[in-house]
file target_22.cif (mmCIF, C-alpha atoms and all ligand atoms)
data_start
#
loop_
_atom_site.label_atom_id
_atom_site.label_comp_id
_atom_site.auth_asym_id
_atom_site.auth_seq_id
_atom_site.Cartn_x
_atom_site.Cartn_y
_atom_site.Cartn_z
CA MET M 1 -89.57 73.42 -59.53
CA LYS M 2 -91.77 70.61 -58.44
CA LEU M 3 -92.99 70.93 -54.90
CA ASP M 4 -94.24 67.58 -53.75
CA VAL M 5 -95.66 68.50 -50.40
CA ASN M 6 -96.91 64.99 -49.84
CA MET M 7 -93.35 64.23 -49.05
CA LEU M 8 -93.68 66.50 -46.02
CA ARG M 9 -95.93 63.93 -44.44
CA TYR M 10 -93.39 61.18 -44.75
CA LEU M 11 -90.51 63.14 -43.29
CA SER M 12 -89.80 62.12 -39.73
CA LYS M 13 -88.83 64.31 -36.82
CA ASP M 14 -85.26 63.18 -37.29
CA ASP M 15 -85.38 64.19 -40.96
CA PHE M 16 -86.44 67.71 -40.01
CA ARG M 17 -83.92 67.85 -37.23
CA VAL M 18 -81.10 67.06 -39.63
CA LEU M 19 -82.46 69.41 -42.31
CA THR M 20 -82.57 72.18 -39.72
CA ALA M 21 -79.06 71.30 -38.58
CA VAL M 22 -77.81 71.78 -42.16
CA GLU M 23 -79.55 75.16 -42.30
CA MET M 24 -77.94 76.22 -39.06
CA GLY M 25 -74.53 75.01 -40.22
CA MET M 26 -74.92 77.06 -43.39
CA ARG M 27 -74.61 80.24 -41.35
CA ASN M 28 -70.91 79.65 -41.26
CA HIS M 29 -70.30 77.09 -43.97
CA GLU M 30 -70.99 77.06 -47.65
CA ILE M 31 -70.99 73.28 -47.47
CA VAL M 32 -71.73 71.96 -44.00
CA PRO M 33 -69.38 69.12 -43.01
CA CYS M 34 -71.19 65.90 -42.12
CA GLU M 35 -69.63 65.83 -38.65
CA LEU M 36 -71.00 69.31 -37.93
CA VAL M 37 -74.49 68.31 -39.06
CA ASP M 38 -74.25 65.32 -36.79
CA ARG M 39 -73.14 67.49 -33.86
CA ILE M 40 -75.86 70.11 -34.32
CA ALA M 41 -78.62 67.56 -34.87
CA SER M 42 -77.47 65.32 -31.96
CA LEU M 43 -80.04 62.67 -32.75
CA LYS M 44 -80.88 60.66 -29.64
CA HIS M 45 -80.28 57.36 -31.34
CA GLY M 46 -77.68 58.45 -33.89
CA GLY M 47 -78.15 57.71 -37.58
CA THR M 48 -77.46 61.20 -39.01
CA TYR M 49 -75.76 59.74 -42.08
CA LYS M 50 -78.72 57.58 -42.95
CA VAL M 51 -81.02 60.57 -42.59
CA LEU M 52 -78.73 62.70 -44.75
CA LYS M 53 -78.90 60.05 -47.46
CA ASN M 54 -82.68 60.05 -47.30
CA LEU M 55 -82.86 63.87 -47.54
CA LEU M 56 -80.46 63.78 -50.48
CA ARG M 57 -82.63 61.22 -52.23
CA HIS M 58 -85.60 63.56 -51.90
CA LYS M 59 -83.49 66.45 -53.27
CA LEU M 60 -83.82 68.47 -50.10
CA LEU M 61 -80.05 68.59 -49.81
CA HIS M 62 -77.15 68.87 -52.19
CA HIS M 63 -74.08 66.74 -51.58
CA ASP M 64 -70.61 68.08 -52.22
CA SER M 65 -67.42 66.16 -51.69
CA SER M 66 -65.04 68.34 -53.68
CA LYS M 67 -63.23 69.74 -50.64
CA TYR M 68 -64.67 67.58 -47.87
CA ASP M 69 -67.79 65.56 -47.39
CA GLY M 70 -70.68 67.93 -46.76
CA PHE M 71 -74.16 69.13 -47.61
CA ARG M 72 -76.12 72.28 -48.25
CA LEU M 73 -79.83 72.98 -48.58
CA THR M 74 -81.54 73.06 -51.96
CA TYR M 75 -84.45 75.44 -52.54
CA LEU M 76 -86.73 72.47 -51.99
CA GLY M 77 -85.15 71.86 -48.59
CA TYR M 78 -85.56 75.54 -47.76
CA ASP M 79 -89.21 75.37 -48.93
CA PHE M 80 -89.89 72.51 -46.56
CA LEU M 81 -88.37 74.31 -43.60
CA ALA M 82 -90.45 77.44 -44.27
CA ILE M 83 -93.65 75.47 -44.87
CA LYS M 84 -93.13 73.42 -41.73
CA THR M 85 -92.55 76.55 -39.63
CA LEU M 86 -95.67 78.24 -41.00
CA VAL M 87 -97.77 75.11 -40.51
CA ASN M 88 -96.50 74.85 -36.92
CA ARG M 89 -97.52 78.47 -36.40
CA GLY M 90 -101.00 77.59 -37.57
CA VAL M 91 -100.91 79.90 -40.60
CA PHE M 92 -102.16 77.18 -42.96
CA VAL M 93 -102.71 73.44 -42.93
CA SER M 94 -102.32 72.38 -46.55
CA VAL M 95 -100.63 73.31 -49.81
CA GLY M 96 -102.62 73.11 -53.04
CA ARG M 97 -101.99 73.71 -56.71
CA GLN M 98 -99.45 76.01 -58.22
CA ILE M 99 -101.12 79.20 -59.43
CA GLY M 100 -98.20 81.17 -60.75
CA VAL M 101 -94.67 80.97 -61.97
CA GLY M 102 -93.01 84.32 -61.77
CA LYS M 103 -89.61 85.42 -62.91
CA GLU M 104 -88.15 84.58 -59.59
CA SER M 105 -90.82 82.85 -57.63
CA ASP M 106 -93.33 80.03 -57.48
CA ILE M 107 -96.83 80.74 -56.22
CA PHE M 108 -99.08 78.10 -54.67
CA GLU M 109 -102.46 78.03 -53.03
CA VAL M 110 -102.50 77.17 -49.34
CA ALA M 111 -105.53 76.61 -47.14
CA THR M 112 -106.31 77.25 -43.49
CA GLU M 113 -108.13 74.84 -41.26
CA ASP M 114 -111.48 76.53 -42.01
CA GLY M 115 -110.87 76.23 -45.75
CA THR M 116 -109.80 79.81 -46.47
CA VAL M 117 -107.49 79.76 -49.47
CA MET M 118 -104.47 82.06 -49.54
CA ALA M 119 -101.46 82.51 -51.79
CA MET M 120 -97.94 81.38 -50.87
CA LYS M 121 -95.08 82.98 -52.76
CA LEU M 122 -91.74 81.18 -52.59
CA HIS M 123 -88.96 83.51 -53.68
CA ARG M 124 -86.29 81.99 -55.87
CA LEU M 125 -83.63 84.55 -56.52
CA GLY M 126 -81.01 83.27 -58.85
CA ARG M 127 -83.46 81.66 -61.22
CA VAL M 128 -83.24 84.20 -64.04
CA SER M 129 -80.86 86.61 -62.43
CA PHE M 130 -77.79 84.97 -63.84
CA ARG M 131 -77.27 87.86 -66.19
CA ALA M 132 -77.79 90.37 -63.43
CA VAL M 133 -75.48 88.51 -61.15
CA LYS M 134 -72.84 88.15 -63.81
CA SER M 135 -72.92 91.88 -64.37
CA LYS M 136 -72.44 92.30 -60.65
CA ARG M 137 -69.66 89.77 -60.48
CA ASP M 138 -67.12 92.21 -59.07
CA TYR M 139 -69.47 93.15 -56.35
CA LEU M 140 -70.16 89.56 -55.51
CA LYS M 141 -66.50 88.69 -55.54
CA HIS M 142 -65.91 91.11 -52.72
CA ARG M 143 -68.94 89.89 -50.90
CA SER M 144 -68.65 86.21 -51.60
CA SER M 145 -70.83 85.58 -48.61
CA TYR M 146 -73.89 86.43 -50.67
CA SER M 147 -76.20 83.56 -51.01
CA TRP M 148 -79.30 82.83 -52.97
CA LEU M 149 -81.08 81.72 -49.87
CA TYR M 150 -80.15 84.90 -48.05
CA LEU M 151 -81.24 87.09 -50.96
CA SER M 152 -84.48 85.19 -51.38
CA ARG M 153 -85.17 85.59 -47.68
CA LEU M 154 -84.48 89.30 -47.92
CA ALA M 155 -86.74 89.61 -50.98
CA ALA M 156 -89.54 87.86 -49.11
CA LEU M 157 -89.16 90.08 -46.06
CA LYS M 158 -89.12 93.15 -48.27
CA GLU M 159 -92.22 92.04 -50.13
CA PHE M 160 -94.04 91.29 -46.90
CA ALA M 161 -93.08 94.63 -45.32
CA PHE M 162 -94.09 96.66 -48.40
CA MET M 163 -97.35 94.81 -48.85
CA LYS M 164 -98.28 95.42 -45.22
CA ALA M 165 -97.30 99.11 -45.32
CA LEU M 166 -99.13 99.68 -48.61
CA GLU M 167 -102.21 97.91 -47.32
CA GLU M 168 -102.20 100.13 -44.23
CA HIS M 169 -102.20 103.14 -46.54
CA GLY M 170 -105.18 101.89 -48.47
CA PHE M 171 -103.44 100.65 -51.61
CA PRO M 172 -105.12 97.81 -53.47
CA VAL M 173 -102.63 95.05 -52.67
CA PRO M 174 -103.04 91.51 -51.35
CA SER M 175 -103.31 91.34 -47.59
CA ALA M 176 -99.95 90.35 -46.06
CA VAL M 177 -100.49 87.42 -43.70
CA ASP M 178 -97.09 86.09 -42.65
CA CYS M 179 -93.55 85.58 -43.75
CA ASN M 180 -90.85 83.04 -42.97
CA ARG M 181 -87.50 82.54 -44.66
CA HIS M 182 -88.11 83.03 -48.43
CA CYS M 183 -91.85 82.49 -48.17
CA VAL M 184 -94.66 85.08 -48.05
CA ILE M 185 -98.26 84.23 -47.28
CA MET M 186 -100.87 86.67 -48.56
CA SER M 187 -104.52 86.78 -49.42
CA LEU M 188 -105.54 85.27 -52.72
CA VAL M 189 -106.37 87.86 -55.37
CA GLN M 190 -109.48 87.04 -57.37
CA GLY M 191 -109.02 87.78 -61.02
CA TYR M 192 -106.27 87.57 -63.59
CA PRO M 193 -103.08 89.34 -64.51
CA LEU M 194 -103.96 92.21 -66.87
CA VAL M 195 -101.86 90.61 -69.59
CA GLN M 196 -104.52 87.90 -69.94
CA VAL M 197 -107.38 90.38 -70.28
CA LYS M 198 -108.43 90.96 -73.88
CA GLN M 199 -111.38 93.24 -73.26
CA LEU M 200 -112.46 95.76 -70.67
CA GLN M 201 -115.82 97.45 -70.16
CA ASN M 202 -114.12 100.67 -69.12
CA PRO M 203 -110.52 100.74 -70.29
CA GLU M 204 -110.27 104.48 -69.60
CA VAL M 205 -111.33 104.05 -66.00
CA VAL M 206 -108.94 101.14 -65.46
CA PHE M 207 -106.13 103.11 -67.08
CA GLU M 208 -106.80 106.12 -64.86
CA THR M 209 -106.85 103.91 -61.77
CA ILE M 210 -103.56 102.28 -62.70
CA ILE M 211 -101.75 105.52 -63.52
CA GLY M 212 -103.24 106.96 -60.34
CA LEU M 213 -101.53 104.14 -58.43
CA VAL M 214 -98.10 104.96 -59.85
CA VAL M 215 -98.60 108.57 -58.82
CA ARG M 216 -99.89 107.69 -55.36
CA LEU M 217 -96.96 105.35 -54.81
CA ALA M 218 -94.57 108.18 -55.63
CA GLU M 219 -96.46 110.44 -53.24
CA HIS M 220 -95.65 107.83 -50.61
CA GLY M 221 -91.99 107.91 -51.60
CA LEU M 222 -92.04 104.73 -53.67
CA ILE M 223 -91.60 103.44 -57.21
CA HIS M 224 -92.76 99.95 -58.10
CA CYS M 225 -90.10 99.39 -60.80
CA ASP M 226 -91.89 96.45 -62.40
CA PHE M 227 -95.26 98.03 -62.90
CA ASN M 228 -96.64 96.26 -65.91
CA GLU M 229 -99.48 94.05 -67.13
CA PHE M 230 -97.97 91.00 -65.40
CA ASN M 231 -98.05 92.59 -61.97
CA ILE M 232 -101.49 94.16 -62.15
CA MET M 233 -104.39 91.85 -61.42
CA ILE M 234 -107.92 92.65 -62.43
CA ASP M 235 -111.18 90.99 -61.43
CA ASP M 236 -114.55 90.63 -63.15
CA ASP M 237 -115.68 93.98 -61.75
CA GLU M 238 -112.53 95.52 -63.21
CA LYS M 239 -111.13 96.15 -59.76
CA VAL M 240 -107.37 96.50 -59.84
CA THR M 241 -104.86 94.91 -57.43
CA MET M 242 -101.13 95.39 -57.72
CA ILE M 243 -98.67 92.67 -56.74
CA ASP M 244 -94.94 91.86 -56.72
CA PHE M 245 -92.91 94.29 -54.61
CA PRO M 246 -89.37 93.01 -54.07
CA GLN M 247 -87.84 95.43 -56.56
CA MET M 248 -89.46 98.64 -55.29
CA VAL M 249 -87.17 101.61 -54.71
CA SER M 250 -87.46 104.94 -52.98
CA VAL M 251 -88.06 108.16 -54.90
CA SER M 252 -84.69 109.25 -53.54
CA HIS M 253 -82.93 106.51 -55.54
CA HIS M 254 -80.44 107.95 -58.03
CA ASN M 255 -82.36 106.41 -60.95
CA ALA M 256 -85.79 107.16 -59.53
CA GLN M 257 -86.92 109.40 -62.36
CA MET M 258 -86.00 106.76 -64.95
CA TYR M 259 -87.81 103.97 -63.07
CA PHE M 260 -90.87 106.14 -62.57
CA ASP M 261 -91.00 107.10 -66.24
CA ARG M 262 -90.54 103.50 -67.24
CA ASP M 263 -93.43 102.34 -65.04
CA VAL M 264 -95.64 105.08 -66.52
CA GLU M 265 -94.53 104.28 -70.05
CA CYS M 266 -95.27 100.56 -69.59
CA VAL M 267 -98.86 101.35 -68.71
CA PHE M 268 -99.29 103.78 -71.62
CA LYS M 269 -97.75 101.32 -74.05
CA PHE M 270 -99.91 98.43 -72.94
CA PHE M 271 -103.19 100.37 -73.08
CA ARG M 272 -102.28 101.86 -76.41
CA LYS M 273 -101.61 98.45 -77.93
CA ARG M 274 -104.18 96.28 -76.23
CA PHE M 275 -107.12 98.68 -76.01
CA ASN M 276 -106.28 101.02 -78.87
CA MET M 277 -106.24 104.01 -76.61
CA ASN M 278 -104.87 107.20 -78.02
CA PHE M 279 -102.79 109.30 -75.67
CA GLN M 280 -101.29 111.75 -78.09
CA GLU M 281 -102.67 114.85 -76.42
CA CYS M 282 -102.00 113.58 -72.98
CA ARG M 283 -98.37 112.68 -73.77
CA ASP M 284 -97.84 116.08 -75.36
CA ASP M 285 -98.90 117.67 -72.13
CA ILE M 286 -96.50 115.59 -70.15
CA ASP M 287 -93.60 116.14 -72.49
CA ARG M 288 -94.03 119.89 -72.77
CA THR M 289 -93.09 120.90 -69.28
CA GLU M 290 -94.01 124.51 -69.91
CA VAL M 291 -97.63 123.42 -70.30
CA ASP M 292 -98.99 123.49 -66.80
CA THR M 293 -102.09 121.34 -67.07
CA ASP M 294 -103.50 119.05 -64.41
CA GLU M 295 -102.19 116.09 -66.36
CA SER M 296 -98.64 117.34 -66.58
CA ARG M 297 -98.56 118.39 -62.94
CA ARG M 298 -99.95 115.03 -61.92
CA LEU M 299 -97.25 113.09 -63.73
CA CYS M 300 -94.37 115.43 -63.06
CA PHE M 301 -92.09 113.19 -61.04
CA SER M 302 -89.98 115.86 -59.42
CA SER M 303 -92.94 117.76 -58.03
CA ILE M 304 -94.47 114.55 -56.64
CA ALA M 305 -91.20 113.27 -55.17
CA LYS M 306 -90.40 116.54 -53.47
CA ASP M 307 -93.48 116.23 -51.24
CA ALA M 308 -93.27 112.48 -50.78
CA VAL M 309 -94.15 111.01 -47.41
CA PHE M 310 -91.99 107.96 -46.78
CA LEU M 311 -93.24 104.71 -45.32
CA ASP M 312 -90.04 103.96 -43.41
CA LYS M 313 -91.74 103.56 -40.05
CA GLU M 314 -94.29 101.10 -41.37
CA LEU M 315 -91.59 99.12 -43.16
CA ALA M 316 -89.39 98.96 -40.08
CA ALA M 317 -92.38 97.67 -38.12
CA SER M 318 -92.19 94.47 -40.17
CA GLY M 319 -88.47 94.19 -39.49
CA PHE M 320 -87.37 95.55 -42.85
CA THR M 321 -84.74 98.24 -42.38
CA ARG M 322 -83.10 100.80 -44.62
CA LYS M 323 -79.98 98.67 -44.45
CA ASP M 324 -81.90 95.65 -45.76
CA GLN M 325 -83.11 97.85 -48.58
CA GLU M 326 -79.57 98.90 -49.45
CA GLU M 327 -78.39 95.28 -49.37
CA ILE M 328 -81.08 94.03 -51.70
CA GLU M 329 -80.81 97.07 -53.97
CA LYS M 330 -77.17 96.28 -54.69
CA PHE M 331 -78.27 92.93 -55.95
CA ILE M 332 -81.44 93.78 -57.84
CA GLU M 333 -80.12 96.82 -59.62
CA GLY M 334 -78.70 94.71 -62.43
CA SER M 335 -82.09 93.16 -63.10
CA LEU M 336 -83.85 96.53 -62.82
CA ASP M 337 -81.68 98.02 -65.50
CA LYS M 338 -82.59 95.50 -68.11
CA ASP M 339 -85.29 96.49 -70.56
CA ALA M 340 -88.64 96.46 -68.81
CA SER M 341 -90.31 95.42 -72.04
CA SER M 342 -88.77 91.98 -71.69
CA GLY M 343 -91.76 91.48 -69.43
CA ASP M 344 -92.37 89.22 -66.56
CA GLU M 345 -93.46 85.96 -68.10
CA GLY M 346 -90.47 84.04 -66.92
CA THR M 347 -89.92 82.69 -70.38
CA GLU M 348 -86.34 83.83 -70.74
CA ASP M 349 -84.28 81.03 -72.11
CA ASP M 350 -81.87 81.23 -69.25
CA THR M 351 -84.64 80.35 -66.85
CA ASP M 352 -83.32 77.79 -64.46
CA ASN M 353 -85.69 76.09 -62.11
CA SER M 354 -83.01 74.67 -59.94
CA ALA M 355 -80.52 77.44 -59.42
CA LEU M 356 -79.62 76.17 -56.05
CA ASN M 357 -79.09 72.65 -57.25
CA GLU M 358 -76.41 73.82 -59.62
CA SER M 359 -73.00 73.89 -58.09
CA ASN M 360 -71.54 75.94 -60.90
CA ILE M 361 -73.17 79.31 -60.43
CA GLU M 362 -70.64 81.59 -61.98
CA GLY M 363 -69.30 84.39 -59.87
CA VAL M 364 -70.74 83.10 -56.65
CA ASP M 365 -68.03 81.18 -54.90
CA SER M 366 -69.65 80.83 -51.61
CA LEU M 367 -73.37 80.32 -51.62
CA ASN M 368 -74.15 80.50 -48.00
CA LEU M 369 -71.44 82.01 -45.91
CA LEU M 370 -73.16 84.84 -44.16
CA ASP M 371 -71.22 87.74 -42.77
CA GLN M 372 -71.80 89.42 -39.44
CA ASP M 373 -74.49 91.81 -40.66
CA GLN M 374 -76.35 89.16 -42.49
CA THR M 375 -76.22 86.90 -39.48
CA SER M 376 -77.84 89.58 -37.37
CA ASN M 377 -80.55 89.80 -40.00
CA LEU M 378 -81.36 86.18 -39.59
CA LYS M 379 -83.00 86.51 -36.23
CA GLN M 380 -86.43 85.72 -37.53
CA GLU M 381 -85.13 82.76 -39.45
CA GLU M 382 -83.25 81.45 -36.44
CA GLU M 383 -86.43 81.53 -34.43
CA GLY M 384 -88.00 79.37 -37.07
CA ALA M 385 -85.02 77.03 -37.04
CA GLU M 386 -85.05 76.75 -33.28
CA ASP M 387 -88.80 76.19 -33.30
CA ASN M 388 -88.20 73.43 -35.75
CA LEU M 389 -85.51 71.83 -33.63
CA ARG M 390 -87.82 72.05 -30.62
CA ASN M 391 -90.66 70.58 -32.61
CA CYS M 392 -88.41 67.74 -33.58
CA GLU M 393 -87.97 66.82 -29.92
P1 LIG M 401 -92.67 87.30 -59.64
O1 LIG M 401 -92.02 88.23 -58.66
O2 LIG M 401 -91.88 86.05 -59.73
O3 LIG M 401 -92.99 87.96 -60.94
P2 LIG M 401 -95.46 87.61 -58.86
O4 LIG M 401 -95.66 88.10 -57.47
O5 LIG M 401 -95.60 88.62 -59.95
O6 LIG M 401 -94.05 86.85 -58.97
O7 LIG M 401 -96.46 86.41 -59.11
C1 LIG M 401 -96.46 85.65 -60.30
C2 LIG M 401 -97.88 85.28 -60.70
O8 LIG M 401 -98.52 84.55 -59.65
C3 LIG M 401 -98.76 86.49 -60.93
O9 LIG M 401 -98.68 86.95 -62.25
C4 LIG M 401 -100.14 85.97 -60.60
O10 LIG M 401 -100.70 85.29 -61.69
C5 LIG M 401 -99.87 84.94 -59.50
N1 LIG M 401 -100.06 85.54 -58.17
C6 LIG M 401 -99.13 86.15 -57.40
N2 LIG M 401 -99.63 86.57 -56.23
C7 LIG M 401 -100.94 86.23 -56.23
C8 LIG M 401 -102.03 86.37 -55.29
N3 LIG M 401 -101.87 86.97 -54.11
N4 LIG M 401 -103.24 85.89 -55.65
C9 LIG M 401 -103.42 85.28 -56.85
N5 LIG M 401 -102.44 85.09 -57.76
C10 LIG M 401 -101.21 85.55 -57.47
MG MG M 402 -94.36 89.47 -61.29
#

call {"tool": "encode", "arguments": {"input": "target_22.cif", "output": "structure tokens"}}
result
Amino acid sequence: MKLDVNMLRYLSKDDFRVLTAVEMGMRNHEIVPCELVDRIASLKHGGTYKVLKNLLRHKLLHHDSSKYDGFRLTYLGYDFLAIKTLVNRGVFVSVGRQIGVGKESDIFEVATEDGTVMAMKLHRLGRVSFRAVKSKRDYLKHRSSYSWLYLSRLAALKEFAFMKALEEHGFPVPSAVDCNRHCVIMSLVQGYPLVQVKQLQNPEVVFETIIGLVVRLAEHGLIHCDFNEFNIMIDDDEKVTMIDFPQMVSVSHHNAQMYFDRDVECVFKFFRKRFNMNFQECRDDIDRTEVDTDESRRLCFSSIAKDAVFLDKELAASGFTRKDQEEIEKFIEGSLDKDASSGDEGTEDDTDNSALNESNIEGVDSLNLLDQDQTSNLKQEEEGAEDNLRNCE
């Protein structure tokens, strides 16, 4: 999706006020009736309809007149609200080039006043999850209040909370800076995704480090679940940083062993193919459980998981609760179960850059009707919205 942040400069206070009013209306309405937008925005000099037209022209809103005349936010509209909130908080002052397109995200550079460059990840659930969502159609039917925006916000909060907790425990992850709505700000990782690296000085050392990370994660009660060459960054000194945490699960998850093995297998497979490493002996050790070598003990999931120390407290400190985890797990499970070897390039042919602009997302009747629980989860977002309304004064 194109993110023309220059447009931000040309949006007036009234534009943001109306955009925020649509967001607030979406708590209870899939499509927010024009009259409601007008009431919430209460522009001093009127003119809500003209503003709505302007926002629609810039693709920040989607218009729907099938049942009644109303609007909802597009991802672009949601982007602008998050960016504006973070800029108002002083987190960054400008948005630069796009540095990554993930499966379900867009990553941009942002800069602070003193020129420090950071990474901004905008979560876009629904982009390639059509298959996953379709397979979860029954679930979604009963919970029609699920929305892409809500899920993206939850994914961002989860990513932020995990990154912060992992950083506190000394894991090599980007530094978590801030989070608002579906947007996470983190330090910029120098280096490249491992998938782009053709040669290493010390492939054995890098391999050991990476496998060591999977094991250490499990010791902390966690499985990455998408631990592959697309989510491991490596710099010129061959220092490893892992990224991309929205799909992580606990070692107590009913499929934990499978996800753990799959993460391990991904690493083995990649190093075998790319760096011609031969793991025959090592794999034999792992497979033959009766062989009690260091290697087999190290990678024996059940023995690691049984002594795992969970990071619940650290996660809750960022506002991410066990309940949030359960909510997002119900949604992501479909995408977790697909073959990990399909990779992370975001090249699937059902990639859709404008999920939220499509009004025909199958199986999701109501995009943005939030239920009671979800509404209570929106506290942080509301603060942002109210800040925005205040800043529009
Ligand atoms: P997705 O969840 O959509 O796969 P990722 O978090 O894996 O998104 O990010 C996609 C790509 O963006 C990465 O492969 C990497 O190239 C780039 N990227 C993500 N985070 C950072 C960061 N903190 N610093 C530098 N590049 C990043
Ligand atoms: Mg990724």

call {"tool": "closest_residue", "arguments": {"input": "target_22.cif", "among": "M:Ile107, M:Val177, M:Leu149, M:Leu154", "to": "ligand MG 402 (chain M)", "atoms": "all atoms listed in the file"}}
result
M:Ile107

call {"tool": "atom_distance", "arguments": {"input": "target_22.cif", "atom1": "atom CA of M:Ala308", "atom2": "atom CA of M:Met248"}}
result
15.0 Å

call {"tool": "residues_near_ligand", "arguments": {"input": "target_22.cif", "ligand": "ligand LIG 401 (chain M)", "cutoff": "6 Å", "atoms": "all atoms listed in the file", "output": "PyMOL selection string"}}
result
chain M and resi 99-105+107+119+174+186-189+193+230-231+243-244+344

call {"tool": "closest_residue", "arguments": {"input": "target_22.cif", "among": "M:Cys266, M:Ile232, M:Ile328, M:Val195", "to": "M:Val249", "atoms": "only C-alpha atoms"}}
result
M:Ile328

call {"tool": "residues_near_point", "arguments": {"input": "target_22.cif", "point": "(-111.7, 100.1, -57.6)", "cutoff": "9 Å", "atoms": "only C-alpha atoms", "output": "PyMOL selection string"}}
result
chain M and resi 172+206+209+237-241

call {"tool": "write_last_selection", "arguments": {"input": "target_22.cif", "atoms": "C-alpha atoms", "output": "PDB file, in the frame of the given file"}}
result
ATOM      1  CA  PRO M 172    -105.120  97.810 -53.470  1.00  0.00           C
ATOM      2  CA  VAL M 206    -108.940 101.140 -65.460  1.00  0.00           C
ATOM      3  CA  THR M 209    -106.850 103.910 -61.770  1.00  0.00           C
ATOM      4  CA  ASP M 237    -115.680  93.980 -61.750  1.00  0.00           C
ATOM      5  CA  GLU M 238    -112.530  95.520 -63.210  1.00  0.00           C
ATOM      6  CA  LYS M 239    -111.130  96.150 -59.760  1.00  0.00           C
ATOM      7  CA  VAL M 240    -107.370  96.500 -59.840  1.00  0.00           C
ATOM      8  CA  THR M 241    -104.860  94.910 -57.430  1.00  0.00           C
TER       9      THR M 241
END

call {"tool": "atom_distance", "arguments": {"input": "target_22.cif", "atom1": "atom CA of M:Ser250", "atom2": "atom CA of M:Asp312"}}
result
10.0 Å

call {"tool": "atom_distance", "arguments": {"input": "target_22.cif", "atom1": "atom CA of M:Lys67", "atom2": "atom CA of M:Arg181"}}
result
28.1 Å

call {"tool": "closest_residue", "arguments": {"input": "target_22.cif", "among": "M:Ile31, M:Ala111, M:Val117, M:Leu222", "to": "M:Leu315", "atoms": "all atoms listed in the file"}}
result
M:Leu222

call {"tool": "closest_atom_pairs", "arguments": {"input": "target_22.cif", "of": "stretch 308-334 of chain M", "to": "stretch 158-165 of chain M", "cutoff": "9 Å", "atoms": "all atoms listed in the file", "output": "Markdown table"}}
result
| residue | atom | partner | partner_atom | distance |
| --- | --- | --- | --- | --- |
| M:Leu311 | CA | M:Ala165 | CA | 6.9 |
| M:Asp312 | CA | M:Ala165 | CA | 8.9 |
| M:Lys313 | CA | M:Ala165 | CA | 8.9 |
| M:Glu314 | CA | M:Ala165 | CA | 5.4 |
| M:Leu315 | CA | M:Ala161 | CA | 5.2 |
| M:Ala316 | CA | M:Ala161 | CA | 7.7 |
| M:Ala317 | CA | M:Ala161 | CA | 7.8 |
| M:Ser318 | CA | M:Ala161 | CA | 5.2 |
| M:Gly319 | CA | M:Ala161 | CA | 7.4 |
| M:Phe320 | CA | M:Lys158 | CA | 6.2 |
| M:Thr321 | CA | M:Lys158 | CA | 8.9 |
| M:Asp324 | CA | M:Lys158 | CA | 8.0 |
| M:Gln325 | CA | M:Lys158 | CA | 7.6 |
| M:Ile328 | CA | M:Lys158 | CA | 8.8 |

call {"tool": "closest_residue", "arguments": {"input": "target_22.cif", "among": "M:Glu329, M:Ala21, M:Glu167, M:Asp38", "to": "M:His254", "atoms": "only C-alpha atoms"}}
result
M:Glu329

call {"tool": "closest_residue", "arguments": {"input": "target_22.cif", "among": "M:Glu219, M:Glu204, M:Glu229, M:Glu265", "to": "ligand MG 402 (chain M)", "atoms": "all atoms listed in the file"}}
result
M:Glu229

call {"tool": "residues_around", "arguments": {"input": "target_22.cif", "residues": "M:Leu217", "least_positions_apart": "3", "cutoff": "10 Å", "atoms": "all atoms listed in the file", "output": "NGL selection string"}}
result
:M and (166 or 171 or 211-214 or 220-224 or 250-251 or 260 or 304-305 or 308-310)

call {"tool": "build_atoms", "arguments": {"input": "target_22.cif", "residues": "stretch 67-74 of chain M", "atoms": "N, CA and C atoms", "output": "CSV table (one decimal), keeping the file's coordinate frame"}}
result
chain,number,residue,atom,x,y,z
M,67,LYS,N,-64.3,69.4,-51.6
M,67,LYS,CA,-63.2,69.7,-50.6
M,67,LYS,C,-63.3,68.8,-49.4
M,68,TYR,N,-64.5,68.5,-49.0
M,68,TYR,CA,-64.7,67.6,-47.9
M,68,TYR,C,-66.1,67.1,-48.0
M,69,ASP,N,-66.5,66.1,-47.3
M,69,ASP,CA,-67.8,65.6,-47.4
M,69,ASP,C,-68.8,66.5,-46.7
M,70,GLY,N,-69.7,67.0,-47.4
M,70,GLY,CA,-70.7,67.9,-46.8
M,70,GLY,C,-72.0,68.1,-47.6
M,71,PHE,N,-72.8,68.9,-47.0
M,71,PHE,CA,-74.2,69.1,-47.6
M,71,PHE,C,-74.6,70.6,-47.5
M,72,ARG,N,-75.4,71.0,-48.4
M,72,ARG,CA,-76.1,72.3,-48.2
M,72,ARG,C,-77.6,72.1,-48.7
M,73,LEU,N,-78.4,73.1,-48.2
M,73,LEU,CA,-79.8,73.0,-48.6
M,73,LEU,C,-80.0,73.3,-50.1
M,74,THR,N,-81.0,72.6,-50.6
M,74,THR,CA,-81.5,73.1,-52.0
M,74,THR,C,-82.7,74.0,-51.7
